[in-house]
Structure formats: structure tokens, C-alpha cells
Amino acid sequence: MLTQTTTRVLDPGDLGAALAVLESAPVENAFVTSRVQVAGLDPWRLGGEMWGWYEHGRLRSLCYSGANLVPICATPEAVRAFAERARRAGRRCSSIVGPAGPTAQLWRLLEPSWGPARDVRAHQPLMVTQEPSADVEADPLVRRVRKDEMDLIMPACVAMFTEEVGVSPLAGDGGLLYQARVAELVGSGRSFARFEDGQVVFKAEIGAATAQACQVQGVWVAPSHRGRGLSETGMAAVLRHALADVAPVVSLYVNDYNAPARAAYRRVGFRETGAFMSVLF
């Protein structure tokens, strides 16, 4: 019998209730929803635990605890419960990421025991669009990356990750997990690039995808080609592919201090609808 408020690790039998919570905010929750739809709630397949917070016997909030700690539709009371569970378990994740309000509260509660963080990005605008760009012509040379082009796309992915996150994805296991993730995106047709003379000059991926929404990630322009508008025309091309083949809503989130990127995405047609926050360890 559940008490008035209860927190517990969910199991496969809770899948329907968990999906109902996730799908109540399809854009914000695209990353976790896409994983749960594929892997279910078995921790081994999911790559982590899904914690549930119940109020009056009904599942209200979730928290994914794996490589990332992600509060989902989390009320202030749920965040406090998730923080206590995370504090007792000790830090196992490389980041905390999620909607800015709950994530900020979660970090305030965890910082005394988990801090200091390597970097805190407190306001990362969430940008959304449902239409192809009306003002920017899509780059006709941006296309899906083929499986036989892994050796070409991988250096660009490593460069983007290192530039964005501040550490190399090749550290630790030599990049095996990261390479597997890139290969998964290429194999599923969700990796896009423009090649010139055998080199990647623009790239982006659709990292999370559900029937309701998808999320663009890893947008990168080769340093030697920056300032030529490739991020805008490239994103317009990726947007067309995403809306035609993946989902009716396309989102991304970006660091608030990256004014050029925010302006470029606005020109392509994205609008800011909320904010995420990331705490990096």
C-alpha cells in the first residue's frame, strides 16, 4: 500500500504509467521518452534506473538516474525526494540535466555533497519549431551520413563534443561508447553532414526522436568554414529532413551565452519556449 507520498524505483510493470508522465511534456522529455520507448524500464536495457514519485497513489514525477540525472515533470516535493535518494546513493552520473527550474532545485540540494561541479550552465534556452524555414534556404549539400563514412564523421563529432563539453569523449574507455553512439545515429539515418574534399564542414544529428517530437544536437561547423552562414543553411536542411521523416516538432537547446547560435536558430525559425540547465562533473 502506497503512503500519501512515496518514491521508488520503477519496474517494467510501471511502463504505461511512466510513459503517460513522459508524454505529458513531449518536447521537454524527448530524450528520456525515446530511450524508454525503446528499452522499457529494465535498468540493464535502459542504462539506469527510473525513479518514480507518487502522490495519493498516482505516479506524478520521474527522475532518470543513469549517465545523466534527469528530473522529469518534477514537482518541488518530488525534487526533494529525488535529491535525498541521489545523495544517499552517491554520485554516479556525469551530469545533471533537465528543465531549468527543477534542475536548479535539485542541484541546490545536491551541491553540498556532490559539489563542486566542473561547469554549471544555468540557463540554456529550449528552442522549438514546427515549420520548415521560411527565410533560410536549405543547403542542398547537407545529406544523411552513410555507414561507410564513419571515419569521416567521427573526428568532427569528437571535435564538437570536446569544444562543447570541455573534455574529450575519447577519455576513459578510449571512446568506445561514444563511437557506438555515433554509429547508432548514422545507422538510423539521423546523422547529417556537408562534405567538402572529403572533410566535414557542417554536421548535426537528431539525437532523440519520438512520434511527437525530436531533438537536434551536435551542431558543428568546421572552424575554417565559420562565418559563411553554414550553420543556418545546414540547420534549415536538417530541419526539413526532421519534419518530413521524423516528427512534427523539432527542438534543441543551446547555451545562453552563445549569442551567434541563438540568432542563427531564430533566423531558421526556431523560437524560445523554455530553458534547460546542465551541471557537468
# chains A, B, ... in the order shown; residues from 1 in each chain; ligands from 1
call {"tool": "select_by_dssp", "arguments": {"residues": "region 180-214 of chain A", "states": "strand (DSSP E or B)", "output": "ChimeraX atom specification"}}
result
/A:191-196,199-209,214
call {"tool": "write_last_selection", "arguments": {"atoms": "C-alpha atoms", "output": "PDB file, in the first residue's frame"}}
result
ATOM      1  CA  SER A 191      23.288  11.943 -38.702  1.00  0.00           C
ATOM      2  CA  PHE A 192      23.625  14.715 -41.294  1.00  0.00           C
ATOM      3  CA  ALA A 193      26.645  16.469 -42.786  1.00  0.00           C
ATOM      4  CA  ARG A 194      28.036  18.513 -45.632  1.00  0.00           C
ATOM      5  CA  PHE A 195      31.311  17.215 -47.022  1.00  0.00           C
ATOM      6  CA  GLU A 196      33.899  19.161 -48.997  1.00  0.00           C
ATOM      7  CA  GLN A 199      36.118  16.699 -44.909  1.00  0.00           C
ATOM      8  CA  VAL A 200      33.071  17.512 -42.788  1.00  0.00           C
ATOM      9  CA  VAL A 201      32.350  21.236 -42.858  1.00  0.00           C
ATOM     10  CA  PHE A 202      28.912  21.089 -41.205  1.00  0.00           C
ATOM     11  CA  LYS A 203      27.210  18.391 -39.157  1.00  0.00           C
ATOM     12  CA  ALA A 204      24.263  17.821 -36.849  1.00  0.00           C
ATOM     13  CA  GLU A 205      22.313  14.866 -35.509  1.00  0.00           C
ATOM     14  CA  ILE A 206      18.762  14.135 -34.462  1.00  0.00           C
ATOM     15  CA  GLY A 207      19.718  12.678 -31.119  1.00  0.00           C
ATOM     16  CA  ALA A 208      16.320  11.843 -29.659  1.00  0.00           C
ATOM     17  CA  ALA A 209      13.179  11.023 -31.587  1.00  0.00           C
ATOM     18  CA  CYS A 214      12.655  15.153 -31.900  1.00  0.00           C
TER      19      CYS A 214
END
call {"tool": "residues_around", "arguments": {"residues": "Val79 (chain A)", "least_positions_apart": "5", "cutoff": "9 Å", "atoms": "only C-alpha atoms", "output": "VMD selection string"}}
result
chain A and resid 53 61 63 71 74 84 102 to 103 105 to 106 109
call {"tool": "write_last_selection", "arguments": {"atoms": "C-alpha atoms", "output": "mmCIF file, in the first residue's frame"}}
result
data_model
loop_
_atom_site.group_PDB
_atom_site.id
_atom_site.type_symbol
_atom_site.label_atom_id
_atom_site.label_comp_id
_atom_site.auth_asym_id
_atom_site.auth_seq_id
_atom_site.Cartn_x
_atom_site.Cartn_y
_atom_site.Cartn_z
ATOM 1 C CA TRP A 53 7.372 9.851 -7.129
ATOM 2 C CA SER A 61 7.027 12.733 -11.352
ATOM 3 C CA CYS A 63 13.813 11.002 -12.395
ATOM 4 C CA PRO A 71 14.262 15.250 -13.325
ATOM 5 C CA ALA A 74 9.223 17.027 -11.173
ATOM 6 C CA GLU A 84 17.634 12.567 -0.968
ATOM 7 C CA PRO A 102 13.617 21.541 -11.159
ATOM 8 C CA THR A 103 17.258 21.033 -12.137
ATOM 9 C CA GLN A 105 16.477 22.982 -7.153
ATOM 10 C CA LEU A 106 17.983 19.507 -7.472
ATOM 11 C CA LEU A 109 20.120 20.193 -2.654
#
call {"tool": "residues_around", "arguments": {"residues": "region 264-280 of chain A", "least_positions_apart": "6", "cutoff": "7 Å", "atoms": "only C-alpha atoms", "output": "ChimeraX atom specification"}}
result
/A:94-100,103,117-129,133,135-136,232,236
call {"tool": "write_last_selection", "arguments": {"atoms": "N, CA and C atoms", "output": "short mmCIF file (atom, residue, chain, number, x, y, z; two decimals), in the first residue's frame"}}
result
data_model
loop_
_atom_site.label_atom_id
_atom_site.label_comp_id
_atom_site.auth_asym_id
_atom_site.auth_seq_id
_atom_site.Cartn_x
_atom_site.Cartn_y
_atom_site.Cartn_z
N SER A 94 27.53 11.68 -14.92
CA SER A 94 28.49 12.68 -15.39
C SER A 94 27.85 14.05 -15.53
N SER A 95 26.53 14.12 -15.40
CA SER A 95 25.85 15.42 -15.49
C SER A 95 24.46 15.32 -14.89
N ILE A 96 23.93 16.48 -14.50
CA ILE A 96 22.52 16.64 -14.17
C ILE A 96 21.97 17.56 -15.25
N VAL A 97 20.89 17.17 -15.88
CA VAL A 97 20.34 17.99 -16.97
C VAL A 97 18.83 17.84 -17.00
N GLY A 98 18.16 18.95 -17.29
CA GLY A 98 16.71 18.92 -17.36
C GLY A 98 16.14 20.32 -17.37
N PRO A 99 14.83 20.46 -17.30
CA PRO A 99 14.21 21.78 -17.24
C PRO A 99 14.83 22.61 -16.12
N ALA A 100 15.05 23.90 -16.40
CA ALA A 100 15.88 24.73 -15.54
C ALA A 100 15.39 24.80 -14.09
N THR A 103 15.84 21.38 -12.16
CA THR A 103 17.26 21.03 -12.14
C THR A 103 18.03 21.95 -11.20
N ALA A 117 30.94 21.30 -9.05
CA ALA A 117 30.78 20.86 -10.43
C ALA A 117 31.89 21.44 -11.28
N ARG A 118 32.17 20.77 -12.39
CA ARG A 118 33.16 21.30 -13.34
C ARG A 118 32.60 22.51 -14.07
N ASP A 119 31.31 22.50 -14.34
CA ASP A 119 30.67 23.62 -15.03
C ASP A 119 29.19 23.58 -14.74
N VAL A 120 28.58 24.75 -14.56
CA VAL A 120 27.14 24.87 -14.37
C VAL A 120 26.60 25.81 -15.44
N ARG A 121 25.72 25.31 -16.28
CA ARG A 121 25.09 26.12 -17.33
C ARG A 121 23.63 26.29 -16.93
N ALA A 122 23.39 27.40 -16.24
CA ALA A 122 22.13 27.56 -15.53
C ALA A 122 20.95 27.89 -16.43
N HIS A 123 21.21 28.43 -17.62
CA HIS A 123 20.09 28.83 -18.49
C HIS A 123 20.44 28.50 -19.93
N GLN A 124 19.84 27.43 -20.43
CA GLN A 124 20.06 27.01 -21.81
C GLN A 124 18.71 27.04 -22.53
N PRO A 125 18.46 28.10 -23.30
CA PRO A 125 17.14 28.23 -23.94
C PRO A 125 16.74 27.00 -24.75
N LEU A 126 15.51 26.56 -24.54
CA LEU A 126 14.91 25.49 -25.32
C LEU A 126 14.19 26.14 -26.49
N MET A 127 14.56 25.73 -27.71
CA MET A 127 14.03 26.34 -28.92
C MET A 127 13.26 25.29 -29.72
N VAL A 128 12.14 25.71 -30.30
CA VAL A 128 11.22 24.77 -30.94
C VAL A 128 10.70 25.36 -32.25
N THR A 129 10.43 24.49 -33.23
CA THR A 129 9.73 24.90 -34.43
C THR A 129 8.93 23.73 -34.97
N SER A 133 12.05 26.24 -42.53
CA SER A 133 12.45 27.64 -42.51
C SER A 133 11.84 28.40 -43.68
N ASP A 135 12.74 31.63 -44.20
CA ASP A 135 13.67 32.71 -44.54
C ASP A 135 15.05 32.25 -44.94
N VAL A 136 15.40 31.00 -44.63
CA VAL A 136 16.74 30.49 -44.93
C VAL A 136 16.62 29.30 -45.87
N GLU A 232 23.27 28.13 -40.52
CA GLU A 232 21.88 28.45 -40.83
C GLU A 232 21.35 27.58 -41.97
N ALA A 236 18.68 24.54 -41.64
CA ALA A 236 17.45 24.55 -42.44
C ALA A 236 17.28 23.22 -43.16
#
call {"tool": "closest_residue", "arguments": {"among": "A:Gln4, A:Gln37, A:Ser65, A:Asn29", "to": "Gly16 (chain A)", "atoms": "only C-alpha atoms"}}
result
A:Gln37
call {"tool": "closest_residue", "arguments": {"among": "A:Leu19, A:Arg35, A:Phe281, A:Gly40", "to": "Gly166 (chain A)", "atoms": "only C-alpha atoms"}}
result
A:Phe281
call {"tool": "closest_residue", "arguments": {"among": "A:Gly101, A:Val254, A:Gly13, A:Trp220", "to": "Glu163 (chain A)", "atoms": "only C-alpha atoms"}}
result
A:Trp220
call {"tool": "atom_distance", "arguments": {"atom1": "CA of Val36 (chain A)", "atom2": "CA of Lys147 (chain A)"}}
result
25.5 Å
call {"tool": "select_by_dssp", "arguments": {"residues": "region 37-139 of chain A", "states": "alpha helix (DSSP H)", "output": "MDAnalysis selection string"}}
result
chainID A and resid 37:39 43:46 76:89 100:114
